[in-house]
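Visitor: The file below is start.cif, mmCIF, N, CA and C atoms:
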data_my_file
#
loop_
_atom_site.label_atom_id
_atom_site.label_comp_id
_atom_site.auth_asym_id
_atom_site.auth_seq_id
_atom_site.Cartn_x
_atom_site.Cartn_y
_atom_site.Cartn_z
N MET A 28 -37.75 67.17 -46.59
CA MET A 28 -36.36 67.22 -47.01
C MET A 28 -36.13 68.38 -47.99
N GLN A 29 -37.10 68.59 -48.88
CA GLN A 29 -36.98 69.68 -49.84
C GLN A 29 -36.91 71.03 -49.15
N GLU A 30 -37.62 71.14 -48.01
CA GLU A 30 -37.61 72.41 -47.28
C GLU A 30 -36.21 72.69 -46.72
N ILE A 31 -35.57 71.65 -46.24
CA ILE A 31 -34.22 71.81 -45.67
C ILE A 31 -33.25 72.22 -46.77
N ILE A 32 -33.31 71.53 -47.90
CA ILE A 32 -32.42 71.87 -49.02
C ILE A 32 -32.70 73.28 -49.51
N GLY A 33 -33.97 73.65 -49.58
CA GLY A 33 -34.33 75.01 -49.98
C GLY A 33 -33.79 76.04 -49.00
N PHE A 34 -33.88 75.73 -47.71
CA PHE A 34 -33.34 76.63 -46.69
C PHE A 34 -31.83 76.80 -46.85
N LEU A 35 -31.13 75.68 -47.06
CA LEU A 35 -29.67 75.75 -47.20
C LEU A 35 -29.25 76.50 -48.46
N LYS A 36 -30.04 76.39 -49.53
CA LYS A 36 -29.73 77.14 -50.75
C LYS A 36 -30.01 78.62 -50.56
N THR A 37 -31.04 78.92 -49.76
CA THR A 37 -31.38 80.32 -49.49
C THR A 37 -30.36 80.97 -48.56
N TYR A 38 -29.86 80.20 -47.61
CA TYR A 38 -28.88 80.71 -46.64
C TYR A 38 -27.58 79.91 -46.75
N PRO A 39 -26.75 80.22 -47.74
CA PRO A 39 -25.52 79.45 -47.93
C PRO A 39 -24.56 79.55 -46.75
N ASP A 40 -24.68 80.60 -45.93
CA ASP A 40 -23.81 80.69 -44.76
C ASP A 40 -24.11 79.57 -43.77
N ALA A 41 -25.37 79.18 -43.63
CA ALA A 41 -25.73 78.07 -42.74
C ALA A 41 -25.13 76.78 -43.28
N SER A 42 -25.21 76.60 -44.58
CA SER A 42 -24.63 75.42 -45.21
C SER A 42 -23.12 75.38 -45.01
N GLN A 43 -22.49 76.52 -45.18
CA GLN A 43 -21.04 76.59 -44.99
C GLN A 43 -20.66 76.33 -43.54
N ALA A 44 -21.45 76.81 -42.60
CA ALA A 44 -21.17 76.58 -41.17
C ALA A 44 -21.26 75.09 -40.84
N ILE A 45 -22.22 74.39 -41.43
CA ILE A 45 -22.33 72.94 -41.22
C ILE A 45 -21.11 72.24 -41.79
N GLY A 46 -20.64 72.66 -42.96
CA GLY A 46 -19.44 72.09 -43.55
C GLY A 46 -18.21 72.33 -42.71
N VAL A 47 -18.09 73.52 -42.15
CA VAL A 47 -16.94 73.83 -41.28
C VAL A 47 -17.00 72.97 -40.01
N PHE A 48 -18.20 72.75 -39.49
CA PHE A 48 -18.37 71.88 -38.33
C PHE A 48 -17.90 70.46 -38.67
N GLY A 49 -18.25 69.98 -39.86
CA GLY A 49 -17.77 68.66 -40.31
C GLY A 49 -16.26 68.62 -40.42
N PHE A 50 -15.68 69.68 -40.96
CA PHE A 50 -14.22 69.78 -41.03
C PHE A 50 -13.60 69.68 -39.64
N LEU A 51 -14.18 70.39 -38.68
CA LEU A 51 -13.64 70.36 -37.32
C LEU A 51 -13.73 68.96 -36.71
N ILE A 52 -14.80 68.24 -37.02
CA ILE A 52 -14.91 66.86 -36.54
C ILE A 52 -13.83 66.00 -37.18
N TYR A 53 -13.64 66.15 -38.51
CA TYR A 53 -12.58 65.40 -39.20
C TYR A 53 -11.22 65.62 -38.54
N ILE A 54 -10.86 66.88 -38.36
CA ILE A 54 -9.54 67.22 -37.84
C ILE A 54 -9.37 66.79 -36.39
N SER A 55 -10.37 67.03 -35.56
CA SER A 55 -10.24 66.64 -34.14
C SER A 55 -10.20 65.13 -33.99
N THR A 56 -10.95 64.40 -34.83
CA THR A 56 -10.92 62.94 -34.77
C THR A 56 -9.55 62.42 -35.21
N PHE A 57 -9.04 62.96 -36.29
CA PHE A 57 -7.72 62.53 -36.78
C PHE A 57 -6.64 62.84 -35.74
N PHE A 58 -6.69 64.02 -35.16
CA PHE A 58 -5.73 64.40 -34.11
C PHE A 58 -5.85 63.46 -32.92
N SER A 59 -7.08 63.14 -32.53
CA SER A 59 -7.30 62.26 -31.38
C SER A 59 -6.76 60.86 -31.61
N VAL A 60 -6.90 60.34 -32.82
CA VAL A 60 -6.36 59.02 -33.13
C VAL A 60 -4.83 59.07 -33.14
N GLN A 61 -4.26 60.11 -33.73
CA GLN A 61 -2.81 60.22 -33.82
C GLN A 61 -2.14 60.39 -32.46
N THR A 62 -2.82 61.03 -31.52
CA THR A 62 -2.24 61.25 -30.19
C THR A 62 -2.63 60.16 -29.20
N GLY A 63 -3.44 59.19 -29.63
CA GLY A 63 -3.81 58.09 -28.74
C GLY A 63 -4.98 58.40 -27.83
N ILE A 64 -5.61 59.54 -28.01
CA ILE A 64 -6.78 59.88 -27.20
C ILE A 64 -7.96 58.99 -27.60
N LEU A 65 -8.07 58.69 -28.88
CA LEU A 65 -9.17 57.90 -29.43
C LEU A 65 -8.57 56.69 -30.14
N CYS A 66 -9.19 55.53 -29.97
CA CYS A 66 -8.74 54.32 -30.64
C CYS A 66 -9.35 54.25 -32.03
N GLY A 67 -8.53 54.07 -33.03
CA GLY A 67 -9.02 53.97 -34.40
C GLY A 67 -9.72 52.66 -34.69
N ASN A 68 -9.59 51.68 -33.81
CA ASN A 68 -10.22 50.38 -34.03
C ASN A 68 -11.60 50.28 -33.37
N GLY A 69 -11.97 51.27 -32.59
CA GLY A 69 -13.26 51.25 -31.92
C GLY A 69 -14.37 51.74 -32.82
N VAL A 70 -15.57 51.73 -32.29
CA VAL A 70 -16.74 52.14 -33.07
C VAL A 70 -16.88 53.67 -33.10
N CYS A 71 -16.27 54.36 -32.16
CA CYS A 71 -16.39 55.82 -32.09
C CYS A 71 -15.76 56.50 -33.31
N PHE A 72 -14.63 56.00 -33.75
CA PHE A 72 -13.93 56.62 -34.89
C PHE A 72 -14.78 56.61 -36.16
N PRO A 73 -15.31 55.46 -36.60
CA PRO A 73 -16.12 55.52 -37.83
C PRO A 73 -17.42 56.31 -37.65
N ILE A 74 -17.99 56.32 -36.45
CA ILE A 74 -19.20 57.12 -36.22
C ILE A 74 -18.89 58.59 -36.43
N LEU A 75 -17.78 59.06 -35.88
CA LEU A 75 -17.40 60.46 -36.05
C LEU A 75 -17.06 60.78 -37.50
N GLN A 76 -16.45 59.84 -38.20
CA GLN A 76 -16.14 60.04 -39.61
C GLN A 76 -17.42 60.17 -40.44
N VAL A 77 -18.42 59.34 -40.14
CA VAL A 77 -19.70 59.40 -40.86
C VAL A 77 -20.40 60.73 -40.58
N ILE A 78 -20.36 61.18 -39.33
CA ILE A 78 -20.98 62.47 -38.97
C ILE A 78 -20.27 63.61 -39.71
N ALA A 79 -18.94 63.59 -39.70
CA ALA A 79 -18.18 64.64 -40.38
C ALA A 79 -18.47 64.65 -41.87
N ALA A 80 -18.46 63.47 -42.50
CA ALA A 80 -18.73 63.39 -43.94
C ALA A 80 -20.14 63.85 -44.25
N SER A 81 -21.09 63.53 -43.39
CA SER A 81 -22.47 63.97 -43.60
C SER A 81 -22.58 65.48 -43.53
N CYS A 82 -21.87 66.09 -42.59
CA CYS A 82 -21.89 67.55 -42.48
C CYS A 82 -21.31 68.21 -43.73
N VAL A 83 -20.19 67.69 -44.20
CA VAL A 83 -19.58 68.26 -45.41
C VAL A 83 -20.48 68.01 -46.61
N LEU A 84 -21.12 66.85 -46.67
CA LEU A 84 -22.04 66.55 -47.76
C LEU A 84 -23.23 67.52 -47.76
N ILE A 85 -23.73 67.84 -46.58
CA ILE A 85 -24.82 68.83 -46.48
C ILE A 85 -24.37 70.18 -47.02
N SER A 86 -23.13 70.54 -46.72
CA SER A 86 -22.63 71.85 -47.18
C SER A 86 -22.53 71.92 -48.70
N LEU A 87 -22.48 70.78 -49.36
CA LEU A 87 -22.40 70.77 -50.82
C LEU A 87 -23.72 71.15 -51.48
N SER A 88 -24.79 71.25 -50.69
CA SER A 88 -26.08 71.62 -51.28
C SER A 88 -26.07 73.05 -51.81
N SER A 89 -25.19 73.89 -51.27
CA SER A 89 -25.14 75.27 -51.76
C SER A 89 -23.98 75.51 -52.72
N ALA A 90 -22.98 74.66 -52.69
CA ALA A 90 -21.84 74.81 -53.60
C ALA A 90 -21.38 73.41 -54.00
N TYR A 91 -22.05 72.83 -54.99
CA TYR A 91 -21.80 71.44 -55.38
C TYR A 91 -20.42 71.27 -56.02
N ASN A 92 -19.77 70.17 -55.66
CA ASN A 92 -18.48 69.81 -56.22
C ASN A 92 -18.48 68.29 -56.35
N LEU A 93 -18.39 67.78 -57.57
CA LEU A 93 -18.51 66.34 -57.81
C LEU A 93 -17.46 65.54 -57.04
N ALA A 94 -16.21 65.97 -57.09
CA ALA A 94 -15.15 65.23 -56.41
C ALA A 94 -15.40 65.17 -54.90
N SER A 95 -15.78 66.28 -54.32
CA SER A 95 -16.07 66.31 -52.89
C SER A 95 -17.27 65.42 -52.57
N PHE A 96 -18.29 65.45 -53.43
CA PHE A 96 -19.45 64.59 -53.24
C PHE A 96 -19.04 63.12 -53.23
N MET A 97 -18.17 62.73 -54.16
CA MET A 97 -17.72 61.35 -54.24
C MET A 97 -16.90 60.95 -53.01
N ILE A 98 -16.06 61.85 -52.54
CA ILE A 98 -15.26 61.56 -51.34
C ILE A 98 -16.16 61.38 -50.13
N GLN A 99 -17.10 62.28 -49.94
CA GLN A 99 -17.97 62.22 -48.75
C GLN A 99 -18.88 61.01 -48.77
N THR A 100 -19.45 60.68 -49.93
CA THR A 100 -20.30 59.50 -49.99
C THR A 100 -19.49 58.22 -49.77
N SER A 101 -18.24 58.22 -50.23
CA SER A 101 -17.36 57.07 -49.97
C SER A 101 -17.06 56.94 -48.48
N TYR A 102 -16.74 58.05 -47.83
CA TYR A 102 -16.49 58.03 -46.38
C TYR A 102 -17.71 57.51 -45.63
N ILE A 103 -18.89 57.96 -46.02
CA ILE A 103 -20.11 57.53 -45.34
C ILE A 103 -20.33 56.03 -45.55
N THR A 104 -20.19 55.56 -46.78
CA THR A 104 -20.40 54.15 -47.08
C THR A 104 -19.40 53.26 -46.36
N ILE A 105 -18.12 53.60 -46.45
CA ILE A 105 -17.09 52.80 -45.79
C ILE A 105 -17.23 52.89 -44.28
N GLY A 106 -17.58 54.07 -43.76
CA GLY A 106 -17.77 54.23 -42.33
C GLY A 106 -18.92 53.39 -41.80
N LEU A 107 -20.03 53.38 -42.52
CA LEU A 107 -21.17 52.55 -42.10
C LEU A 107 -20.80 51.07 -42.14
N PHE A 108 -20.06 50.66 -43.15
CA PHE A 108 -19.57 49.28 -43.24
C PHE A 108 -18.70 48.95 -42.03
N GLY A 109 -17.80 49.86 -41.67
CA GLY A 109 -16.93 49.65 -40.51
C GLY A 109 -17.70 49.58 -39.21
N ILE A 110 -18.72 50.41 -39.08
CA ILE A 110 -19.55 50.38 -37.87
C ILE A 110 -20.24 49.02 -37.74
N ILE A 111 -20.80 48.53 -38.84
CA ILE A 111 -21.48 47.24 -38.82
C ILE A 111 -20.49 46.13 -38.45
N LEU A 112 -19.30 46.15 -39.04
CA LEU A 112 -18.30 45.13 -38.71
C LEU A 112 -17.92 45.17 -37.24
N ARG A 113 -17.75 46.37 -36.70
CA ARG A 113 -17.35 46.49 -35.30
C ARG A 113 -18.46 46.06 -34.35
N ILE A 114 -19.71 46.32 -34.72
CA ILE A 114 -20.82 45.91 -33.87
C ILE A 114 -20.98 44.40 -33.90
N LYS A 115 -20.75 43.79 -35.05
CA LYS A 115 -20.89 42.34 -35.18
C LYS A 115 -19.67 41.57 -34.66
N ARG A 116 -18.57 42.27 -34.42
CA ARG A 116 -17.34 41.63 -33.96
C ARG A 116 -17.60 40.93 -32.63
N PRO A 117 -17.18 39.65 -32.49
CA PRO A 117 -17.40 38.97 -31.21
C PRO A 117 -16.55 39.59 -30.11
N LYS A 118 -17.10 39.58 -28.92
CA LYS A 118 -16.38 40.09 -27.75
C LYS A 118 -15.20 39.15 -27.46
N PRO A 119 -14.17 39.63 -26.76
CA PRO A 119 -13.00 38.79 -26.49
C PRO A 119 -13.34 37.48 -25.77
N ASP A 120 -14.36 37.45 -24.93
CA ASP A 120 -14.70 36.24 -24.20
C ASP A 120 -15.69 35.33 -24.94
N GLU A 121 -16.19 35.79 -26.11
CA GLU A 121 -17.10 34.98 -26.91
C GLU A 121 -16.31 34.15 -27.91
N PRO A 122 -16.73 32.91 -28.14
CA PRO A 122 -16.04 32.10 -29.17
C PRO A 122 -16.33 32.67 -30.55
N ARG A 123 -15.36 32.55 -31.43
CA ARG A 123 -15.55 33.03 -32.80
C ARG A 123 -16.39 32.04 -33.57
N ARG A 124 -17.34 32.57 -34.34
CA ARG A 124 -18.23 31.70 -35.11
C ARG A 124 -17.68 31.41 -36.50
N SER A 125 -16.85 32.28 -37.00
CA SER A 125 -16.31 32.07 -38.33
C SER A 125 -14.87 32.60 -38.35
N LYS A 126 -14.20 32.31 -39.41
CA LYS A 126 -12.82 32.76 -39.57
C LYS A 126 -12.81 34.26 -39.80
N PRO A 127 -11.94 35.03 -39.11
CA PRO A 127 -11.90 36.47 -39.29
C PRO A 127 -11.38 36.83 -40.70
N ILE A 128 -11.74 38.03 -41.11
CA ILE A 128 -11.30 38.51 -42.42
C ILE A 128 -9.78 38.70 -42.43
N TYR A 129 -9.25 39.28 -41.36
CA TYR A 129 -7.81 39.58 -41.28
C TYR A 129 -7.19 38.83 -40.10
N GLU A 130 -6.02 38.31 -40.31
CA GLU A 130 -5.25 37.75 -39.19
C GLU A 130 -3.81 38.10 -39.34
#
Could I get this structure in the form of C-alpha cells?

Guide:
Amino acid sequence: MQEIIGFLKTYPDASQAIGVFGFLIYISTFFSVQTGILCGNGVCFPILQVIAASCVLISLSSAYNLASFMIQTSYITIGLFGIILRIKRPKPDEPRRSKPIYE
C-alpha cells in the first residue's frame, strides 16, 4: 500500500486522473438516476457512488483536503451501509421477517 501512495505522490497527474475518473462516475450516475436510466433504489447506484468516492479519495493522496476527505469517507460509509441493506432486503415473493425501517 505504501508503494501505491508513494507512486501517487511522485506522479500527481496519475492521482488527479483517478480523481477525475471518480468525478465522471459521480456525474454520470447522478444523470442516469435523474433521467430514469438507473434506479436509485437498486444496488447499482450505491456501488457506483462508493467507487466514485474511492477514486476521489485516492486523488487526495497528492493534494489533501480535510473537507473533501470527510465527504468521501462519508459517501463510502453510507454507500456500503446502503449496499448491505439492499442485499439483505427480502425479495418481493419472500415473506418479511421483521418490520421494515420505512413504510

Visitor: Name the residues, using the chain letters and numbers of the file, that sit within 8 Å of (-16.5, 70.9, -47.2) when counting only N, CA and C atoms, and give them as a VMD selection string.

Guide: chain A and resid 43 45 to 47 49 to 50 82 to 87 95

Visitor: Let me know the residues the PyMOL selection byres (((chain A and resi 99 and name CA) around 10) and name CA) catches in the file above, as a PyMOL selection string.

Guide: chain A and resi 76-77+79-85+87+93-98+100-105

Visitor: Output as JSON, numbers by chain all residues of chain A that backbone DSSP marks as helix (DSSP H, G or I).

Guide: {"A": [29, 30, 31, 32, 33, 34, 35, 36, 37, 39, 40, 41, 42, 43, 44, 45, 46, 47, 48, 49, 50, 51, 52, 53, 54, 55, 56, 57, 58, 59, 60, 61, 71, 72, 73, 74, 75, 76, 77, 78, 79, 80, 81, 82, 83, 84, 85, 86, 93, 94, 95, 96, 97, 98, 99, 100, 101, 102, 103, 104, 105, 106, 107, 108, 109, 110, 111, 112, 113, 114, 115]}

Visitor: For a test of reading the model, state the distance in Å between atom N of Ile114 of chain A and atom CA of Val70 of chain A, rounded to one decimal.

Guide: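 Interatomic distance, atom N of Ile114 of chain A to atom CA of Val70 of chain A: 6.7 Å.
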
Visitor: Rounded to one decimal place, report the atom N of Ile64 of chain A-atom C of Ser42 of chain A distance in Å.

Guide: 29.1 Å
